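Student: Just entry_16.txt, nothing more (compact mmCIF, C-alpha atoms and all ligand atoms):
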# COMPACT_ATOMS: atom_id res chain seq x y z
CA MET A 1 84.05 -93.01 5.06
CA ASN A 2 83.59 -92.76 1.31
CA SER A 3 84.41 -96.39 0.71
CA SER A 4 81.47 -98.01 -0.96
CA ALA A 5 81.00 -100.51 1.88
CA ALA A 6 80.74 -97.67 4.39
CA VAL A 7 78.29 -95.82 2.17
CA ASP A 8 76.23 -99.00 1.76
CA THR A 9 75.95 -99.41 5.52
CA LEU A 10 75.03 -95.78 5.91
CA LEU A 11 72.35 -96.07 3.25
CA GLU A 12 70.94 -99.24 4.76
CA LYS A 13 70.57 -97.51 8.11
CA ALA A 14 69.09 -94.39 6.52
CA LEU A 15 66.50 -96.44 4.65
CA ALA A 16 65.62 -98.11 7.93
CA GLY A 17 64.87 -94.67 9.35
CA ASP A 18 68.06 -93.83 11.22
CA ILE A 19 68.09 -90.05 11.35
CA ARG A 20 71.82 -89.71 11.96
CA SER A 21 72.61 -91.73 8.85
CA ILE A 22 70.20 -89.58 6.84
CA ALA A 23 71.99 -86.48 8.12
CA ARG A 24 75.36 -87.91 7.13
CA ILE A 25 74.19 -88.75 3.63
CA ILE A 26 72.84 -85.22 3.21
CA SER A 27 76.29 -83.96 4.20
CA LEU A 28 77.82 -86.18 1.49
CA ILE A 29 75.35 -84.67 -0.95
CA GLU A 30 76.10 -81.11 0.17
CA ASN A 31 79.83 -81.68 -0.10
CA ASP A 32 79.42 -83.15 -3.57
CA SER A 33 81.06 -86.39 -2.47
CA PRO A 34 82.13 -88.77 -5.25
CA ALA A 35 79.92 -91.42 -3.63
CA LYS A 36 76.84 -89.29 -4.13
CA ASP A 37 75.78 -90.08 -7.68
CA ALA A 38 75.98 -93.85 -7.36
CA LEU A 39 73.94 -93.65 -4.19
CA LEU A 40 71.24 -91.44 -5.71
CA LYS A 41 71.09 -93.59 -8.83
CA ARG A 42 70.48 -96.60 -6.64
CA ILE A 43 67.72 -95.11 -4.53
CA TYR A 44 65.94 -93.23 -7.31
CA PRO A 45 63.62 -96.18 -8.10
CA MET A 46 62.38 -96.02 -4.50
CA THR A 47 61.15 -92.45 -4.91
CA GLY A 48 58.02 -90.83 -6.25
CA LYS A 49 55.78 -91.48 -3.28
CA ALA A 50 56.30 -88.32 -1.24
CA MET A 51 54.24 -85.18 -1.43
CA VAL A 52 56.73 -82.34 -1.93
CA ILE A 53 55.60 -78.95 -0.68
CA GLY A 54 57.44 -75.65 -1.08
CA ILE A 55 56.73 -72.98 1.51
CA THR A 56 58.07 -69.72 0.21
CA GLY A 57 57.86 -66.04 1.10
CA SER A 58 59.85 -63.04 2.31
CA PRO A 59 62.13 -63.35 5.32
CA GLY A 60 60.14 -62.88 8.49
CA ALA A 61 56.78 -63.75 6.88
CA GLY A 62 56.42 -66.61 9.34
CA LYS A 63 57.40 -69.53 7.10
CA SER A 64 59.20 -71.46 9.84
CA THR A 65 56.45 -70.86 12.38
CA LEU A 66 53.90 -71.97 9.79
CA THR A 67 55.98 -75.02 8.82
CA ASP A 68 56.10 -76.01 12.46
CA LYS A 69 52.29 -76.03 12.61
CA VAL A 70 51.97 -77.81 9.27
CA ILE A 71 54.34 -80.53 10.53
CA GLU A 72 52.11 -80.96 13.58
CA HIS A 73 49.03 -81.43 11.39
CA PHE A 74 50.65 -83.99 9.14
CA ARG A 75 51.93 -85.85 12.21
CA LEU A 76 48.37 -86.05 13.53
CA MET A 77 47.43 -87.60 10.18
CA GLY A 78 50.14 -90.22 10.80
CA LYS A 79 52.48 -88.91 8.11
CA ARG A 80 56.25 -88.80 8.41
CA VAL A 81 57.57 -85.35 7.60
CA GLY A 82 60.96 -84.20 6.28
CA VAL A 83 61.83 -80.51 6.20
CA ILE A 84 64.60 -78.76 4.30
CA ALA A 85 64.90 -75.13 5.38
CA VAL A 86 66.94 -73.19 2.84
CA ASP A 87 68.44 -69.93 4.02
CA PRO A 88 70.19 -67.45 1.81
CA SER A 89 73.92 -67.30 2.38
CA SER A 90 74.50 -64.01 4.10
CA PRO A 91 76.24 -62.78 7.19
CA PHE A 92 72.88 -63.28 8.88
CA SER A 93 72.08 -66.78 7.70
CA GLY A 94 73.57 -68.28 10.82
CA GLY A 95 70.93 -66.37 12.72
CA ALA A 96 68.17 -67.41 10.35
CA ILE A 97 69.12 -71.07 10.60
CA LEU A 98 69.10 -70.74 14.34
CA ALA A 99 65.65 -69.15 14.19
CA ASP A 100 64.35 -72.00 12.01
CA ARG A 101 65.70 -74.51 14.49
CA ILE A 102 64.12 -72.75 17.44
CA ARG A 103 60.72 -72.47 15.74
CA MET A 104 60.64 -76.15 14.86
CA GLN A 105 62.68 -77.65 17.65
CA ARG A 106 59.78 -79.13 19.57
CA HIS A 107 59.70 -81.84 16.91
CA THR A 108 63.28 -82.93 17.53
CA GLY A 109 62.31 -85.78 19.81
CA ASP A 110 59.87 -87.12 17.22
CA THR A 111 61.44 -89.82 15.02
CA GLY A 112 58.74 -89.19 12.40
CA VAL A 113 60.18 -85.73 11.71
CA TYR A 114 63.50 -84.83 10.13
CA ILE A 115 64.54 -81.18 9.85
CA ARG A 116 67.60 -79.97 8.00
CA SER A 117 68.80 -76.41 7.42
CA MET A 118 70.91 -75.57 4.39
CA GLY A 119 72.63 -72.46 3.12
CA THR A 120 72.28 -71.34 -0.49
CA ARG A 121 76.01 -71.51 -1.06
CA GLY A 122 77.01 -72.31 -4.61
CA SER A 123 73.60 -72.40 -6.14
CA LEU A 124 71.06 -70.42 -8.04
CA GLY A 125 67.43 -69.79 -7.55
CA GLY A 126 67.16 -69.58 -3.79
CA LEU A 127 67.65 -73.31 -3.54
CA SER A 128 70.68 -74.93 -2.08
CA ARG A 129 72.88 -77.16 -4.19
CA GLY A 130 71.72 -80.45 -2.80
CA THR A 131 68.10 -79.49 -2.10
CA ARG A 132 66.81 -81.59 -4.98
CA GLU A 133 69.04 -84.53 -4.08
CA SER A 134 68.05 -84.38 -0.42
CA VAL A 135 64.42 -84.58 -1.48
CA ILE A 136 65.26 -87.79 -3.38
CA LEU A 137 66.87 -89.22 -0.25
CA LEU A 138 64.01 -88.28 2.08
CA ASP A 139 61.48 -89.66 -0.40
CA ALA A 140 63.38 -92.97 -0.61
CA CYS A 141 63.61 -93.06 3.19
CA GLY A 142 59.85 -93.07 3.40
CA TYR A 143 58.98 -89.52 4.39
CA ASP A 144 55.40 -89.05 3.21
CA VAL A 145 55.56 -85.28 3.17
CA ILE A 146 58.66 -83.24 2.34
CA ILE A 147 58.54 -79.51 3.01
CA ILE A 148 61.07 -77.12 1.52
CA GLU A 149 61.14 -73.75 3.24
CA THR A 150 62.67 -71.22 0.90
CA VAL A 151 62.92 -67.45 0.71
CA GLY A 152 61.01 -66.17 -2.27
CA VAL A 153 62.08 -62.61 -2.79
CA GLY A 154 62.80 -62.38 -6.49
CA GLN A 155 62.31 -63.93 -9.88
CA SER A 156 65.11 -66.42 -9.44
CA GLU A 157 63.36 -68.02 -6.50
CA VAL A 158 60.75 -69.51 -8.79
CA ASP A 159 63.08 -72.49 -9.12
CA ILE A 160 61.11 -74.06 -6.29
CA ILE A 161 58.47 -75.19 -8.82
CA LYS A 162 61.08 -77.42 -10.41
CA ILE A 163 61.24 -79.44 -7.21
CA ALA A 164 57.97 -79.01 -5.34
CA ASP A 165 54.61 -80.44 -6.38
CA THR A 166 52.74 -77.81 -4.45
CA VAL A 167 53.93 -74.29 -3.69
CA CYS A 168 52.48 -72.34 -0.79
CA LEU A 169 53.25 -68.63 -0.93
CA VAL A 170 53.26 -66.88 2.43
CA LEU A 171 52.39 -63.18 2.38
CA VAL A 172 51.84 -60.82 5.29
CA PRO A 173 49.94 -57.58 5.78
CA GLY A 174 51.71 -54.30 6.14
CA MET A 175 54.96 -55.05 4.34
CA GLY A 176 54.30 -52.97 1.25
CA ASP A 177 51.39 -55.11 0.13
CA ASP A 178 51.15 -53.81 -3.40
CA ILE A 179 54.81 -54.45 -4.08
CA GLN A 180 54.54 -58.00 -2.83
CA ILE A 181 51.64 -58.70 -5.11
CA MET A 182 53.24 -57.08 -8.12
CA LYS A 183 55.99 -59.67 -8.10
CA ALA A 184 54.27 -61.52 -10.85
CA GLY A 185 56.76 -64.34 -11.16
CA ILE A 186 56.35 -65.44 -7.61
CA MET A 187 52.58 -64.95 -7.61
CA GLU A 188 52.19 -67.21 -10.62
CA ILE A 189 53.92 -70.16 -9.03
CA ALA A 190 51.66 -70.21 -5.97
CA ASN A 191 49.17 -73.08 -5.76
CA VAL A 192 48.00 -72.10 -2.29
CA PHE A 193 48.22 -68.70 -0.60
CA ALA A 194 48.69 -68.17 3.12
CA VAL A 195 48.13 -64.62 4.30
CA ASN A 196 49.92 -65.02 7.58
CA LYS A 197 49.92 -62.75 10.64
CA ALA A 198 46.17 -62.46 10.23
CA ASP A 199 46.12 -61.10 13.78
CA LYS A 200 47.53 -57.89 12.36
CA PRO A 201 45.63 -55.11 10.59
CA GLY A 202 45.50 -55.04 6.80
CA VAL A 203 45.09 -58.78 6.31
CA ASP A 204 41.74 -58.52 4.50
CA ARG A 205 43.19 -56.06 2.05
CA VAL A 206 46.05 -58.38 1.13
CA ALA A 207 43.63 -61.29 0.70
CA ALA A 208 41.33 -59.14 -1.44
CA GLU A 209 44.25 -58.04 -3.65
CA ILE A 210 45.32 -61.63 -4.19
CA ARG A 211 41.78 -62.69 -5.07
CA LEU A 212 41.45 -59.77 -7.45
CA MET A 213 44.63 -60.79 -9.18
CA LEU A 214 43.50 -64.42 -9.37
CA ASP A 215 40.22 -63.30 -10.95
CA LEU A 216 42.13 -61.89 -13.88
CA VAL A 217 43.04 -65.39 -14.96
CA LYS A 218 39.89 -67.20 -15.95
CA GLU A 219 39.31 -70.84 -16.58
CA ARG A 220 42.13 -72.54 -14.88
CA PRO A 221 41.69 -76.08 -13.63
CA TRP A 222 43.06 -75.21 -10.18
CA VAL A 223 42.14 -71.91 -8.57
CA PRO A 224 44.66 -71.22 -5.79
CA PRO A 225 42.81 -70.92 -2.49
CA VAL A 226 43.66 -67.98 -0.22
CA HIS A 227 43.86 -68.76 3.50
CA LEU A 228 44.24 -66.41 6.42
CA THR A 229 46.57 -67.86 9.02
CA VAL A 230 48.02 -66.98 12.38
CA ALA A 231 51.02 -69.30 12.48
CA GLU A 232 51.76 -68.34 16.05
CA ASN A 233 48.56 -69.85 17.43
CA GLY A 234 47.71 -72.28 14.65
CA SER A 235 44.60 -70.54 13.44
CA GLY A 236 43.74 -71.34 9.81
CA ILE A 237 46.27 -74.15 9.55
CA ASP A 238 43.61 -76.89 9.25
CA GLU A 239 42.25 -75.31 6.09
CA LEU A 240 45.71 -74.59 4.75
CA VAL A 241 46.80 -78.21 5.14
CA ALA A 242 43.53 -79.39 3.57
CA SER A 243 44.30 -77.23 0.51
CA LEU A 244 47.87 -78.53 0.29
CA VAL A 245 46.55 -82.09 0.30
CA ALA A 246 43.80 -81.20 -2.17
CA HIS A 247 46.34 -79.76 -4.59
CA GLY A 248 48.44 -82.92 -4.32
CA ASP A 249 45.33 -84.97 -5.18
CA PHE A 250 44.47 -82.62 -8.02
CA LEU A 251 47.88 -83.22 -9.60
CA LYS A 252 47.37 -86.96 -9.56
CA ASN A 253 44.43 -86.79 -11.93
CA ASN A 254 45.27 -83.87 -14.11
CA PRO A 255 47.42 -82.91 -17.12
CA ASP A 256 48.90 -80.20 -14.87
CA GLY A 257 50.43 -82.95 -12.78
CA VAL A 258 51.97 -84.58 -15.84
CA ARG A 259 53.35 -81.21 -16.98
CA ARG A 260 54.91 -80.68 -13.58
CA GLU A 261 56.46 -84.12 -13.57
CA TRP A 262 57.79 -83.48 -17.06
CA ARG A 263 59.35 -80.19 -15.95
CA ARG A 264 60.85 -81.76 -12.87
CA LEU A 265 62.39 -84.69 -14.74
CA SER A 266 63.80 -82.36 -17.36
CA PHE A 267 65.32 -80.21 -14.60
CA GLU A 268 66.81 -83.28 -12.96
CA VAL A 269 68.54 -84.49 -16.12
CA GLU A 270 69.79 -80.95 -16.80
CA GLU A 271 71.14 -80.57 -13.28
CA ILE A 272 72.88 -83.94 -13.30
CA LEU A 273 74.46 -83.16 -16.67
CA LEU A 274 75.59 -79.73 -15.52
CA GLN A 275 77.14 -81.15 -12.36
CA HIS A 276 79.11 -83.70 -14.36
CA VAL A 277 80.24 -81.26 -17.01
CA THR A 278 81.29 -78.75 -14.34
CA ARG A 279 83.30 -81.41 -12.54
CA VAL A 280 85.01 -82.55 -15.74
CA ALA A 281 85.73 -78.94 -16.72
CA GLU A 282 87.25 -78.17 -13.32
CA ARG A 283 89.33 -81.32 -13.31
CA THR A 284 90.59 -80.80 -16.85
CA TRP A 285 91.47 -77.16 -16.25
CA ASN A 286 93.33 -78.07 -13.08
CA THR A 287 95.55 -80.56 -14.89
CA TYR A 288 95.99 -78.28 -17.89
CA LYS A 289 96.80 -75.20 -15.83
CA THR A 290 100.61 -75.30 -15.86
CA ASP A 291 102.95 -72.39 -15.26
CA LYS A 292 103.69 -72.50 -18.98
CA VAL A 293 100.05 -72.08 -19.95
CA MET A 294 99.61 -69.30 -17.42
CA GLU A 295 102.74 -67.64 -18.83
CA THR A 296 101.29 -67.59 -22.35
CA LEU A 297 98.19 -65.94 -20.89
CA LEU A 298 100.12 -63.40 -18.86
CA SER A 299 102.33 -62.48 -21.80
CA ARG A 300 99.20 -62.29 -23.95
CA LYS A 301 100.60 -64.79 -26.45
CA SER A 302 97.39 -66.64 -25.91
CA ASN A 303 94.09 -65.63 -24.39
CA PRO A 304 91.43 -67.24 -22.19
CA TYR A 305 89.15 -67.98 -25.15
CA LEU A 306 91.86 -69.88 -27.00
CA VAL A 307 92.80 -71.82 -23.87
CA ALA A 308 89.17 -72.67 -23.10
CA GLU A 309 88.72 -73.80 -26.68
CA GLU A 310 91.68 -76.16 -26.48
CA ILE A 311 90.32 -77.63 -23.25
CA LEU A 312 86.84 -78.00 -24.67
CA GLN A 313 88.24 -79.95 -27.59
CA LYS A 314 89.70 -82.36 -25.08
CA ILE A 315 86.47 -82.72 -23.11
CA ILE A 316 84.09 -82.76 -26.02
CA PRO A 317 85.87 -83.96 -29.17
CA GLY A 318 84.55 -82.29 -32.25
CA THR A 319 84.01 -78.93 -30.56
CA SER A 320 85.59 -76.39 -32.87
CA GLU A 321 85.06 -72.97 -31.38
CA VAL A 322 84.09 -71.43 -28.07
N1 LIG A 401 51.89 -61.57 14.95
C1 LIG A 401 52.29 -62.68 14.35
N2 LIG A 401 53.60 -62.96 14.32
C2 LIG A 401 53.99 -64.10 13.71
C3 LIG A 401 53.08 -64.98 13.09
N3 LIG A 401 53.75 -66.00 12.54
C4 LIG A 401 55.07 -65.80 12.81
N4 LIG A 401 55.21 -64.64 13.51
C5 LIG A 401 56.47 -64.06 13.98
O1 LIG A 401 57.20 -63.56 12.88
C6 LIG A 401 58.59 -63.70 13.10
C7 LIG A 401 59.25 -64.42 11.96
O2 LIG A 401 58.81 -65.74 11.94
P1 LIG A 401 59.58 -66.91 11.18
O3 LIG A 401 58.73 -68.11 11.27
O4 LIG A 401 60.98 -67.03 11.65
O5 LIG A 401 59.61 -66.32 9.70
P2 LIG A 401 60.42 -66.83 8.41
O6 LIG A 401 61.63 -65.98 8.28
O7 LIG A 401 59.47 -66.58 7.27
O8 LIG A 401 60.73 -68.27 8.60
C8 LIG A 401 58.75 -64.41 14.44
O9 LIG A 401 58.98 -63.46 15.43
C9 LIG A 401 57.40 -65.08 14.62
O10 LIG A 401 57.10 -65.29 15.97
C10 LIG A 401 51.67 -64.64 13.15
O11 LIG A 401 50.80 -65.34 12.64
N5 LIG A 401 51.36 -63.49 13.79
MG MG A 402 62.54 -69.34 8.47
Show me this structure written as structure tokens.
Ligand SMILES: Nc1nc2c(ncn2[C@@H]2O[C@H](COP(=O)(O)OP(=O)(O)O)[C@@H](O)[C@H]2O)c(=O)[nH]1
Ligand SMILES: [Mg+2]
Tutor:
Amino acid sequence: MNSSAAVDTLLEKALAGDIRSIARIISLIENDSPAKDALLKRIYPMTGKAMVIGITGSPGAGKSTLTDKVIEHFRLMGKRVGVIAVDPSSPFSGGAILADRIRMQRHTGDTGVYIRSMGTRGSLGGLSRGTRESVILLDACGYDVIIIETVGVGQSEVDIIKIADTVCLVLVPGMGDDIQIMKAGIMEIANVFAVNKADKPGVDRVAAEIRLMLDLVKERPWVPPVHLTVAENGSGIDELVASLVAHGDFLKNNPDGVRREWRRLSFEVEEILLQHVTRVAERTWNTYKTDKVMETLLSRKSNPYLVAEEILQKIIPGTSEV
């Protein structure tokens, strides 16, 4: 399966739009297959065309329901849409993934839509290891719009801005509004706000609080619009999608867009380097980890710092101390 000829065939089919091949490549990516890097290096020049949108917010805010409606709108505009729904690894994530599937399943027969759920296993920042790389693949495969659904519940979730061009933050009335809005980190990364469940009481108050907060920051080239939505019946989605598109256009002609691209590219290089260094470190430690070495540790003749230092000198010659 990992032979380069097999991977080539798989890639050819994926680029031609075969959804099963795309799914299999994403599995290679998720499993950190040795074939992954060569493949991504090859397709990278084909990327840069997609509009990458992050839809983030607390669990239960309606992100999947909203994504489903957003997909529908982009489909009506003739766009192909890829979705990566990232769920936190937890005993409940199986349920959450199932919920995402159910909310978006009516698109499964549509070859212009690809939906993939991922856990957050082995990663930081509310993104799955492989989210960034899957975006590269979907972009190369010609998806015009790529949506990343991610749970934004804490500071670490702001990592989404390193991947997405446009971040839509989904808030809801009645869930401790003030606390939601006080999460400054997450508020700052929003380019578009959706106050969802607008059929419920308290929605105007949330919208007013967001606007008040936005007013505190004067003179910014892009003022994040605040939309009231009812994801369940599609109300407000037209305007929301128009703002997502408008923000994408804004980035094309603005220093903000260049800054974002800069940040993304820097993140990509850093992530690729880290992956390689981690792999080399793991491999080296595994060959170095003999019973004898472990014995020196157990008997305290040596210690983990000294051992790590010796290994580092092997990996990176010239390293003197940990
Ligand atoms: N009343 C109301 N319920 C909604 C709305 N949007 C989503 N929901 C419900 O909220 C729950 C969570 O939705 P889901 O899309 O799974 O949220 P996610 O966890 O953010 O992806 C589901 O029961 C939805 O039917 C809305 O606009 N109004
Ligand atoms: Mg969801």
Student: Could you tell me which of A:Lys63, A:Lys252, A:Lys13, A:Arg283 comes closest to ligand LIG 401 (chain A) if we count all atoms listed in the file?
Tutor: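 Nearest to ligand LIG 401 (chain A): A:Lys63.
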Student: Here is a test: counting only C-alpha atoms, which residue of A:Gly48, A:Pro34, A:Pro224, A:Gly78 is nearest to Leu265 of chain A?
Tutor: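 Among the listed residues, the smallest separation from Leu265 of chain A belongs to A:Gly48.
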Student: May I ask which of the residues A:Gly60, A:Gly119, A:Gly112, A:Gly130 is the closest one to Leu28 of chain A, counting only C-alpha atoms?
Tutor: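 Selected residue with least distance to Leu28 of chain A: A:Gly130.
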Student: For a quick check of understanding, using all atoms listed in the file, which of A:Thr111, A:Ser235, A:Thr287, A:Ser27 has the smallest distance to Lys79 of chain A?
Tutor: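 For Lys79 of chain A, the nearest of the given residues is A:Thr111.
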Student: Report the distance between atom CA of Glu30 of chain A and atom CA of Glu133 of chain A in Å, rounded to one decimal place.
Tutor: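 Between atom CA of Glu30 of chain A and atom CA of Glu133 of chain A the gap is 8.9 Å.
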Student: Can I get the residues close to ligand LIG 401 (chain A) as a count of residues only, where close means within 8 Å and we count only C-alpha atoms and all ligand atoms?
Tutor: 30
Student: From the options A:Ile148, A:Val113, A:Ile19, A:Ile25, which residue's atoms come nearest to ligand MG 402 (chain A), counting all atoms listed in the file?
Tutor: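 Counting all atoms listed in the file, the residue closest to ligand MG 402 (chain A) is A:Ile148.
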Student: Nearest to ligand MG 402 (chain A) among A:Val135, A:Val206, A:Ala140, A:Met104, with distances taken over only C-alpha atoms and all ligand atoms: which residue is it?
Tutor: A:Met104
Student: Work out how far atom CA of Ile22 of chain A is from atom CA of Asp144 of chain A, in Å to one decimal.
Tutor: 15.2 Å
Student: I'd like the interatomic distance between atom CA of Leu214 of chain A and atom CA of Lys162 of chain A, to a tenth of an Å.
Tutor: 21.9 Å
Student: If we draw a sphere of 8 Å around (48.5, -69.0, 4.8), which residues have at least one atom in it when counting all atoms listed in the file? Please report them as a ChimeraX atom specification.
Tutor: /A:66,168-171,192-196,226-230,236-237,240
